[in-house]
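As stored in query-v1.csv (CSV, C-alpha atoms):
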chain,number,residue,atom,x,y,z
A,1,MET,CA,104.4,138.3,65.6
A,2,ALA,CA,101.5,136.2,66.7
A,3,SER,CA,99.7,134.7,63.8
A,4,ALA,CA,96.3,136.1,64.9
A,5,ASN,CA,97.7,139.6,64.3
A,6,LEU,CA,99.2,139.0,60.9
A,7,THR,CA,97.8,140.8,57.9
A,8,SER,CA,98.3,139.5,54.3
A,9,ASP,CA,101.0,142.1,53.9
A,10,ASP,CA,102.8,140.8,57.0
A,11,ILE,CA,102.6,137.3,55.8
A,12,LEU,CA,104.1,138.2,52.4
A,13,LYS,CA,106.8,140.2,54.1
A,14,GLU,CA,107.7,137.1,56.1
A,15,LEU,CA,107.7,134.9,53.0
A,16,ARG,CA,109.9,137.3,51.0
A,17,ALA,CA,112.4,137.2,53.9
A,18,GLY,CA,112.4,133.4,53.6
A,19,ALA,CA,110.5,132.7,56.8
A,20,TYR,CA,107.9,129.9,56.3
A,21,ARG,CA,105.4,128.7,58.9
A,22,PRO,CA,104.3,125.1,59.2
A,23,VAL,CA,100.6,125.7,58.3
A,24,TYR,CA,98.7,128.4,56.5
A,25,LEU,CA,94.9,128.4,56.8
A,26,LEU,CA,93.7,131.1,54.3
A,27,MET,CA,90.0,131.7,54.4
A,28,GLY,CA,87.2,134.2,54.0
A,29,GLU,CA,84.9,135.8,51.5
A,30,GLU,CA,87.7,137.9,49.9
A,31,THR,CA,89.8,135.5,47.8
A,32,TYR,CA,92.6,137.9,46.6
A,33,PRO,CA,94.9,137.5,49.7
A,34,THR,CA,94.5,133.7,49.5
A,35,ASP,CA,95.4,133.6,45.8
A,36,VAL,CA,98.4,135.9,46.3
A,37,ILE,CA,99.9,134.1,49.3
A,38,SER,CA,99.3,130.6,48.0
A,39,SER,CA,100.7,131.6,44.6
A,40,TYR,CA,103.8,133.1,46.2
A,41,ILE,CA,104.5,129.9,48.2
A,42,GLU,CA,103.9,127.7,45.2
A,43,LYS,CA,106.4,129.7,43.1
A,44,ASN,CA,109.0,130.5,45.7
A,45,ALA,CA,109.1,128.0,48.6
A,46,LEU,CA,111.2,125.5,46.6
A,47,PRO,CA,113.6,125.9,43.7
A,48,GLU,CA,112.1,124.7,40.5
A,49,GLU,CA,114.3,121.6,40.3
A,50,ALA,CA,113.0,120.4,43.7
A,51,ARG,CA,109.3,120.8,43.1
A,52,SER,CA,108.6,117.6,41.2
A,53,PHE,CA,109.5,115.5,44.2
A,54,ASN,CA,108.6,117.9,47.1
A,55,GLN,CA,105.7,120.0,46.0
A,56,LEU,CA,102.1,118.7,45.8
A,57,VAL,CA,99.1,120.8,44.7
A,58,VAL,CA,95.8,119.1,45.2
A,59,TYR,CA,92.2,120.0,44.9
A,60,ARG,CA,89.9,119.1,47.8
A,61,LYS,CA,87.2,117.4,45.6
A,62,ASP,CA,89.9,115.0,44.4
A,63,THR,CA,91.6,114.2,47.7
A,64,SER,CA,90.5,113.3,51.2
A,65,PHE,CA,91.9,115.2,54.2
A,66,LYS,CA,93.3,111.9,55.5
A,67,GLN,CA,95.3,111.5,52.3
A,68,ILE,CA,96.4,115.1,52.7
A,69,ALA,CA,97.6,114.4,56.2
A,70,LEU,CA,99.6,111.4,54.9
A,71,GLU,CA,101.2,113.5,52.2
A,72,CYS,CA,102.2,116.1,54.8
A,73,SER,CA,103.8,113.4,57.0
A,74,GLN,CA,106.4,112.6,54.3
A,75,TYR,CA,109.9,113.9,54.5
A,76,PRO,CA,111.4,116.0,51.7
A,77,THR,CA,113.6,114.4,49.1
A,78,PHE,CA,117.0,116.2,48.6
A,79,ALA,CA,115.4,119.5,49.7
A,80,ASP,CA,114.9,121.5,52.9
A,81,ARG,CA,111.2,121.3,52.9
A,82,ARG,CA,108.1,119.7,51.4
A,83,VAL,CA,105.1,121.9,50.3
A,84,VAL,CA,101.5,120.7,50.2
A,85,ILE,CA,98.9,123.2,48.8
A,86,VAL,CA,95.2,122.3,49.1
A,87,LYS,CA,93.0,124.3,46.8
A,88,GLU,CA,89.3,124.8,47.2
A,89,ALA,CA,89.4,123.2,50.6
A,90,GLN,CA,85.9,124.5,51.4
A,91,MET,CA,84.4,121.9,49.0
A,92,SER,CA,82.6,118.9,50.5
A,93,GLY,CA,84.2,115.5,50.5
A,94,SER,CA,82.8,112.2,49.5
A,95,SER,CA,81.5,111.6,53.1
A,96,HIS,CA,80.5,113.7,56.1
A,97,SER,CA,83.3,112.2,58.1
A,98,ASP,CA,85.9,113.5,55.6
A,99,ASN,CA,86.3,117.0,56.8
A,100,ILE,CA,89.0,119.5,57.7
A,101,ASP,CA,89.0,118.3,61.4
A,102,ASN,CA,90.9,115.2,60.1
A,103,LEU,CA,94.0,117.4,59.8
A,104,GLU,CA,94.0,118.2,63.5
A,105,GLY,CA,96.2,115.1,64.3
A,106,TYR,CA,98.7,116.0,61.7
A,107,VAL,CA,98.8,119.7,62.7
A,108,THR,CA,99.4,118.8,66.4
A,109,HIS,CA,102.2,116.5,65.5
A,110,HIS,CA,103.4,118.3,62.3
A,111,LEU,CA,106.7,118.0,60.6
A,112,ASP,CA,108.8,121.1,60.7
A,113,THR,CA,110.0,120.2,57.2
A,114,THR,CA,106.5,120.5,55.7
A,115,VAL,CA,104.6,123.7,54.7
A,116,LEU,CA,100.9,123.0,54.4
A,117,VAL,CA,98.7,125.7,52.7
A,118,ILE,CA,95.0,125.3,53.0
A,119,CYS,CA,93.0,127.6,50.6
A,120,TYR,CA,89.5,127.8,52.2
A,121,LYS,CA,87.8,130.2,49.9
A,122,TYR,CA,84.5,132.2,50.3
A,123,LYS,CA,83.8,130.7,53.7
A,124,THR,CA,85.3,130.8,57.2
A,125,ILE,CA,86.0,128.3,59.9
A,126,ALA,CA,85.0,129.3,63.4
A,127,ARG,CA,87.9,130.4,65.6
A,128,THR,CA,86.6,128.0,68.3
A,129,LYS,CA,87.1,124.9,66.1
A,130,LYS,CA,89.9,122.6,67.3
A,131,ILE,CA,91.7,122.7,63.9
A,132,VAL,CA,92.0,126.5,64.1
A,133,LYS,CA,93.3,126.4,67.7
A,134,ALA,CA,95.7,123.7,66.8
A,135,ILE,CA,97.1,125.7,63.9
A,136,GLU,CA,97.5,128.8,66.0
A,137,LYS,CA,99.1,126.8,68.9
A,138,ILE,CA,102.0,125.6,66.7
A,139,GLY,CA,102.6,129.1,65.3
A,140,GLY,CA,100.8,128.6,62.0
A,141,VAL,CA,98.8,131.3,60.2
A,142,VAL,CA,95.1,131.6,60.3
A,143,LEU,CA,94.1,134.5,58.0
A,144,GLU,CA,90.5,135.5,57.5
A,145,SER,CA,90.1,137.9,54.6
A,146,LYS,CA,86.8,139.9,54.5
A,147,LYS,CA,85.4,141.9,51.6
A,148,LEU,CA,86.4,145.5,51.8
A,149,TYR,CA,83.6,148.0,52.1
A,150,ASP,CA,82.9,150.0,49.0
A,151,ASN,CA,84.2,153.2,50.6
A,152,GLN,CA,87.6,151.4,51.4
A,153,MET,CA,88.3,150.5,47.8
A,154,ALA,CA,89.8,153.8,46.6
A,155,ALA,CA,92.4,153.7,49.3
A,156,TRP,CA,93.1,150.0,48.6
A,157,ILE,CA,93.6,150.7,44.9
A,158,THR,CA,96.0,153.5,45.6
A,159,ALA,CA,98.0,151.3,48.0
A,160,HIS,CA,98.0,148.4,45.6
A,161,ALA,CA,99.5,150.7,42.9
A,162,ARG,CA,102.1,151.9,45.4
A,163,GLN,CA,103.0,148.3,46.1
A,164,ARG,CA,103.6,147.8,42.4
A,165,GLY,CA,105.9,150.8,42.4
A,166,LEU,CA,103.3,152.9,40.5
A,167,SER,CA,101.3,156.0,41.0
A,168,ILE,CA,97.7,156.3,39.8
A,169,GLU,CA,95.5,159.2,38.6
A,170,GLU,CA,92.5,160.0,40.8
A,171,LYS,CA,90.1,159.6,37.9
A,172,ALA,CA,91.6,156.2,37.2
A,173,VAL,CA,91.0,155.2,40.8
A,174,ALA,CA,87.4,156.3,40.5
A,175,LEU,CA,86.9,154.4,37.2
A,176,LEU,CA,88.2,151.2,38.7
A,177,VAL,CA,86.1,151.6,41.8
A,178,GLU,CA,82.9,152.2,40.0
A,179,SER,CA,83.5,149.7,37.2
A,180,ILE,CA,84.8,146.8,39.2
A,181,GLY,CA,83.6,147.6,42.7
A,182,ASN,CA,85.1,145.9,45.8
A,183,ASN,CA,86.5,143.0,43.8
A,184,GLN,CA,90.2,143.1,44.7
A,185,THR,CA,91.0,140.3,42.3
A,186,GLY,CA,89.3,142.2,39.5
A,187,VAL,CA,91.3,145.3,40.2
A,188,ALA,CA,94.6,143.4,40.4
A,189,GLN,CA,93.8,141.8,37.0
A,190,ALA,CA,93.1,145.3,35.6
A,191,PHE,CA,96.6,146.4,36.8
A,192,ASP,CA,98.0,143.2,35.2
A,193,LYS,CA,96.4,144.1,31.8
A,194,ILE,CA,97.7,147.6,31.9
A,195,SER,CA,101.2,146.5,32.9
A,196,ALA,CA,101.3,143.9,30.1
A,197,ALA,CA,100.1,146.4,27.5
A,198,VAL,CA,102.3,149.3,28.6
A,199,GLY,CA,105.4,147.4,29.6
A,200,THR,CA,108.4,148.4,31.7
A,201,ASN,CA,107.8,152.1,30.9
A,202,LEU,CA,104.7,152.2,33.1
A,203,THR,CA,105.1,154.6,36.0
A,204,THR,CA,101.6,156.1,36.3
A,205,VAL,CA,98.3,154.4,35.7
A,206,THR,CA,96.0,156.9,33.9
A,207,ALA,CA,92.3,157.0,33.2
A,208,ASP,CA,93.1,156.6,29.5
A,209,MET,CA,95.0,153.4,30.2
A,210,VAL,CA,92.0,152.1,32.1
A,211,TYR,CA,89.7,152.9,29.2
A,212,GLN,CA,92.1,151.4,26.6
A,213,HIS,CA,93.4,148.3,28.3
A,214,VAL,CA,90.7,147.2,30.8
A,215,GLY,CA,87.9,147.1,28.3
A,216,ILE,CA,86.0,150.1,29.7
A,217,SER,CA,84.4,152.3,27.0
A,218,LYS,CA,85.5,155.9,27.3
A,219,GLU,CA,82.0,157.2,26.6
A,220,TYR,CA,79.8,154.4,27.8
A,221,ASN,CA,80.6,153.2,31.3
A,222,ALA,CA,79.1,153.2,34.8
A,223,PHE,CA,81.3,156.1,35.9
A,224,GLU,CA,80.1,158.3,33.1
A,225,LEU,CA,76.5,157.2,33.7
A,226,SER,CA,76.8,158.2,37.4
A,227,ASN,CA,78.3,161.6,36.3
A,228,ALA,CA,75.4,162.2,33.9
A,229,LEU,CA,72.8,161.4,36.6
A,230,PHE,CA,74.7,163.5,39.2
A,231,ALA,CA,74.5,166.4,36.8
A,232,ARG,CA,70.9,165.6,35.8
A,233,ASN,CA,72.1,165.5,32.2
A,234,ALA,CA,69.2,163.5,30.8
A,235,ASP,CA,70.4,163.4,27.2
A,236,LYS,CA,73.7,161.9,28.1
A,237,ALA,CA,72.2,159.5,30.7
A,238,TYR,CA,69.7,158.1,28.2
A,239,LYS,CA,72.4,157.8,25.5
A,240,ILE,CA,74.6,155.8,27.8
A,241,VAL,CA,71.9,153.4,29.0
A,242,LYS,CA,70.6,152.8,25.5
A,243,ALA,CA,74.2,151.8,24.5
A,244,PHE,CA,74.2,149.5,27.6
A,245,GLY,CA,70.9,147.9,26.7
A,246,GLY,CA,72.1,147.1,23.2
A,247,ASN,CA,74.9,144.9,24.4
A,248,ASP,CA,74.0,142.8,27.5
A,249,LYS,CA,77.2,140.8,27.3
A,250,GLN,CA,79.6,143.8,27.4
A,251,TYR,CA,77.4,145.7,29.9
A,252,PRO,CA,76.0,143.1,32.3
A,253,LEU,CA,73.1,144.6,34.2
A,254,PRO,CA,74.2,143.3,37.7
A,255,ALA,CA,77.5,145.2,37.3
A,256,ILE,CA,75.7,148.4,36.2
A,257,MET,CA,73.3,148.2,39.1
A,258,ALA,CA,76.1,147.6,41.6
A,259,ALA,CA,78.0,150.6,40.2
A,260,LEU,CA,75.0,152.9,40.5
A,261,HIS,CA,74.3,151.7,44.0
A,262,PHE,CA,77.9,152.4,45.0
A,263,SER,CA,77.8,155.9,43.4
A,264,PHE,CA,74.6,157.0,45.1
A,265,LEU,CA,75.5,155.4,48.4
A,266,ARG,CA,78.7,157.4,48.5
A,267,LEU,CA,76.8,160.6,47.5
A,268,PHE,CA,74.2,159.8,50.2
A,269,LEU,CA,76.9,159.5,52.9
A,270,PHE,CA,78.5,162.7,51.7
A,271,THR,CA,75.3,164.7,51.6
A,272,TYR,CA,74.0,163.3,54.9
A,273,VAL,CA,77.2,163.9,56.9
A,274,LYS,CA,77.7,167.3,55.3
A,275,ALA,CA,74.2,168.4,56.2
A,276,THR,CA,74.5,167.2,59.8
A,277,THR,CA,78.0,168.3,60.6
A,278,LYS,CA,78.6,171.1,58.1
A,279,ASP,CA,82.1,169.6,57.7
A,280,VAL,CA,83.0,168.8,54.1
A,281,GLY,CA,86.1,166.9,55.3
A,282,LYS,CA,84.1,164.6,57.5
A,283,ALA,CA,81.5,164.1,54.8
A,284,ALA,CA,84.2,163.2,52.3
A,285,SER,CA,85.7,160.7,54.7
A,286,ALA,CA,82.3,159.1,55.3
A,287,ALA,CA,82.0,158.6,51.6
A,288,GLY,CA,85.4,157.1,51.3
A,289,GLU,CA,86.6,159.9,49.1
A,290,ARG,CA,90.2,161.0,49.9
A,291,SER,CA,90.7,163.2,46.8
A,292,GLU,CA,90.1,166.9,47.3
A,293,TYR,CA,89.8,167.2,43.6
A,294,ASN,CA,87.1,164.6,43.3
A,295,VAL,CA,85.2,166.2,46.2
A,296,LYS,CA,85.3,169.6,44.5
A,297,THR,CA,84.6,168.4,41.0
A,298,ARG,CA,82.2,165.5,41.5
A,299,LEU,CA,80.6,165.3,45.0
A,300,MET,CA,80.0,168.9,45.7
A,301,PRO,CA,78.3,169.6,42.4
A,302,ALA,CA,76.3,166.4,42.7
A,303,ALA,CA,75.2,167.4,46.2
A,304,GLN,CA,73.5,170.5,44.6
A,305,ASN,CA,71.2,168.2,42.6
A,306,PHE,CA,70.7,165.3,45.1
A,307,ASN,CA,70.3,165.8,48.8
A,308,ALA,CA,70.3,162.9,51.2
A,309,VAL,CA,66.6,162.3,50.8
A,310,ARG,CA,66.8,162.2,47.0
A,311,CYS,CA,69.8,159.9,47.2
A,312,MET,CA,67.8,157.5,49.4
A,313,LYS,CA,65.0,157.6,46.8
A,314,ALA,CA,67.5,156.9,44.0
A,315,LEU,CA,68.9,154.0,46.0
A,316,GLU,CA,65.3,152.6,46.5
A,317,TYR,CA,64.8,152.7,42.7
A,318,ILE,CA,68.2,151.1,42.0
A,319,ASN,CA,67.4,148.3,44.5
A,320,GLU,CA,63.9,147.8,42.9
A,321,TYR,CA,65.2,147.5,39.4
A,322,ASP,CA,68.1,145.3,40.6
A,323,MET,CA,65.5,142.9,42.0
A,324,ARG,CA,63.4,143.1,38.8
A,325,SER,CA,66.5,142.3,36.7
A,326,LYS,CA,66.8,139.1,38.8
A,327,GLY,CA,63.2,138.1,38.2
A,328,TYR,CA,61.5,139.5,41.4
A,329,GLY,CA,58.5,141.7,41.1
A,330,GLY,CA,57.1,143.3,38.0
A,331,ALA,CA,56.7,141.9,34.5
A,332,PRO,CA,60.0,140.9,32.8
A,333,THR,CA,61.3,143.6,30.4
A,334,SER,CA,64.5,144.0,28.4
A,335,ASN,CA,67.6,145.4,30.1
A,336,ARG,CA,67.4,148.4,27.9
A,337,ASP,CA,63.8,149.2,28.9
A,338,MET,CA,64.6,148.7,32.6
A,339,LEU,CA,67.6,151.0,32.4
A,340,VAL,CA,65.6,153.7,30.6
A,341,GLU,CA,62.9,153.5,33.2
A,342,LEU,CA,65.4,153.6,36.1
A,343,VAL,CA,67.1,156.7,34.7
A,344,ALA,CA,63.8,158.4,34.3
A,345,LYS,CA,62.8,157.8,37.9
A,346,ILE,CA,66.2,158.9,39.3
A,347,LEU,CA,66.2,162.1,37.2
A,348,ASN,CA,62.7,162.8,38.5
A,349,CYS,CA,63.3,162.1,42.2

Kindly transcribe the structure held in the file into structure tokens.
Amino acid sequence: MASANLTSDDILKELRAGAYRPVYLLMGEETYPTDVISSYIEKNALPEEARSFNQLVVYRKDTSFKQIALECSQYPTFADRRVVIVKEAQMSGSSHSDNIDNLEGYVTHHLDTTVLVICYKYKTIARTKKIVKAIEKIGGVVLESKKLYDNQMAAWITAHARQRGLSIEEKAVALLVESIGNNQTGVAQAFDKISAAVGTNLTTVTADMVYQHVGISKEYNAFELSNALFARNADKAYKIVKAFGGNDKQYPLPAIMAALHFSFLRLFLFTYVKATTKDVGKAASAAGERSEYNVKTRLMPAAQNFNAVRCMKALEYINEYDMRSKGYGGAPTSNRDMLVELVAKILNC
């Protein structure tokens, strides 16, 4: 398969089959695929006894690209291949002339016995750059990983559970989505915590496991706050945000704002599409909700209290207080006071 068409799953499938390409350029805003692929190569490309002589892991800030090219040009010692992994390759070097383009010469005349992995996190390199074209020309991999949209996370979490040989409850998916957002690494770490705590008997990830092992309070969390607001349950909503405001470290305001924005954006999409198409299925799809149970028990009741216009107003308030929490506009107040004010405005819109 052409490298331009490879997904992260395709690359891992190749690697598990023992097929290694000469160069891997792993880049993009979403870092999870980069971490997974580079970690797999680091742990599996060579037997443990061969790594001390034939595997080099370097950090960009400590090494020039010219030096990396020289390392890649060495032949393996008593092994089939040599592995060079460059971490944080997006970092600036000691001079402007020391940049990733300095690898083009090596890539063009690469050694088949070397596997070069370039971890270029948070940023991308234009496909028109010579280094990218050179990597693709020799059959290397150029993978750009973009952040998933919020409404794609539920499907990704379900698929991730399946890849681990697990099933997952619908409420557990919703909890992870609204508590962690579109952070694939964060979700994977949550699965790791649950797996470590439950052990080999784990077959289904439940909401209770998420509460217990991921550090999400069963009573005070963004998911329950959204539910309280959706139901216009003022007593419960105020109780939750007062608990949030009493512990800024455990309940960081940016994470709460992001979760609220995600919840009301989904509800806006659901209510808007439902109103314009009269099709609940299309509305659920637009909101990224694949669970019929969640549609019936969460979105449909919420839509009785918040139409699309009210959702938009709620989103405006959330954005306003998110900016205020970051020091823009309005006199600075405590997190607790801002959350109480925000809840009052949402309940009254």

Selection as a ChimeraX atom specification: residues within 9 Å of (86.2, 149.1, 32.9), counting all atoms listed in the file: /A:175-176,178-180,190,210-218,221-222

Sphere at (85.8, 135.9, 53.5), radius 8 Å, counting all atoms listed in the file: residues as an MDAnalysis selection string: chainID A and resid 27:31 121:124 144:147

Segment 292-300 of chain A environment, 9 Å, only C-alpha atoms, sequence neighbours closer than 5 positions dropped, as a PyMOL selection string: chain A and resi 170-171+174+227+230+266-267+270-271+280-281+284

Nearby residues (all atoms listed in the file) at most 8 Å from segment 312-326 of chain A, same-chain spacing under 3 positions excluded, as a list in words: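 Selected residues are Leu253, Pro254, Met257, Leu260, His261, Phe264, Leu265, Phe268, Ala308, Val309, Gly329, Gly330, Pro332, Asn335, Met338, Leu342, Lys345, Ile346 and Cys349 of chain A.
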
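Close contacts of Leu46 of chain A, defined as residues with an atom at most 12 Å away when counting all atoms listed in the file, with chain neighbours fewer than 6 positions off set aside, comprise A:Leu15, A:Gly18, A:Tyr20, A:Tyr40, A:Ser52, A:Phe53, A:Asn54, A:Gln55, A:Leu56, A:Pro76, A:Thr77, A:Phe78, A:Ala79, A:Asp80, A:Arg81, A:Arg82, A:Val83, A:Val84, A:Thr113, A:Thr114, A:Val115.
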
Mind working out the centre and edge lengths of an axis-aligned box for segment 169-176 of chain A, all listed atoms inside, 8 Å added to each side, rounded to one decimal in Å and written as lines of an AutoDock Vina configuration file?
center_x = 91.2
center_y = 155.6
center_z = 39.0
size_x = 24.6
size_y = 24.8
size_z = 19.6

Counting only C-alpha atoms, give me one row per residue of segment 218-291 of chain A with an atom at most 10 Å from an atom of segment 150-153 of chain A, showing the shortest contact pair and its distance in Å to one decimal, sorted by chain then residue number, as CSV.
residue,atom,partner,partner_atom,distance
A:Phe262,CA,A:Asp150,CA,6.8
A:Ser263,CA,A:Asp150,CA,9.6
A:Leu265,CA,A:Asp150,CA,9.2
A:Arg266,CA,A:Asn151,CA,7.2
A:Leu269,CA,A:Asn151,CA,9.9
A:Ser285,CA,A:Asn151,CA,8.7
A:Ala286,CA,A:Asn151,CA,7.8
A:Ala287,CA,A:Asn151,CA,5.9
A:Gly288,CA,A:Asn151,CA,4.1
A:Glu289,CA,A:Asn151,CA,7.3
A:Arg290,CA,A:Asn151,CA,9.9

Take the residues that were just selected and, keeping C-alpha atoms, output them as a PDB file, keeping the file's coordinate frame.
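Generated file (result.pdb):
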ATOM      1  CA  PHE A 262      77.900 152.400  45.000  1.00  0.00           C
ATOM      2  CA  SER A 263      77.800 155.900  43.400  1.00  0.00           C
ATOM      3  CA  LEU A 265      75.500 155.400  48.400  1.00  0.00           C
ATOM      4  CA  ARG A 266      78.700 157.400  48.500  1.00  0.00           C
ATOM      5  CA  LEU A 269      76.900 159.500  52.900  1.00  0.00           C
ATOM      6  CA  SER A 285      85.700 160.700  54.700  1.00  0.00           C
ATOM      7  CA  ALA A 286      82.300 159.100  55.300  1.00  0.00           C
ATOM      8  CA  ALA A 287      82.000 158.600  51.600  1.00  0.00           C
ATOM      9  CA  GLY A 288      85.400 157.100  51.300  1.00  0.00           C
ATOM     10  CA  GLU A 289      86.600 159.900  49.100  1.00  0.00           C
ATOM     11  CA  ARG A 290      90.200 161.000  49.900  1.00  0.00           C
TER      12      ARG A 290
END

Shell around Thr63 of chain A at 12 Å using only C-alpha atoms, local window under 5 positions removed, as number ranges by chain: A: 56-58, 68-71, 85-89, 91-95, 98-100

Residue contacts of Tyr220 of chain A (8 Å, all atoms listed in the file) excluding same-chain residues fewer than 6 positions away, as a PyMOL selection string: chain A and resi 240+243-244

Atomic separation - atom CA of Lys242 of chain A relative to atom CA of Leu347 of chain A, Å: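 Separation between atom CA of Leu347 of chain A and atom CA of Lys242 of chain A: 15.6 Å.
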
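Closest approach to Asn183 of chain A among A:Pro33, A:Gly245, A:Pro252, A:Gly140 is made by A:Pro33 (distances from only C-alpha atoms).
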
Coordinates-based distance that separates atom CA of Ala161 of chain A from atom CA of Leu202 of chain A (Å, one decimal):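 Computed distance, atom CA of Leu202 of chain A to atom CA of Ala161 of chain A, equals 11.2 Å.
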
d(atom CA of Thr158 of chain A, atom CA of Thr206 of chain A) in Å: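 Rounded to one decimal, the two atoms are 12.2 Å apart.
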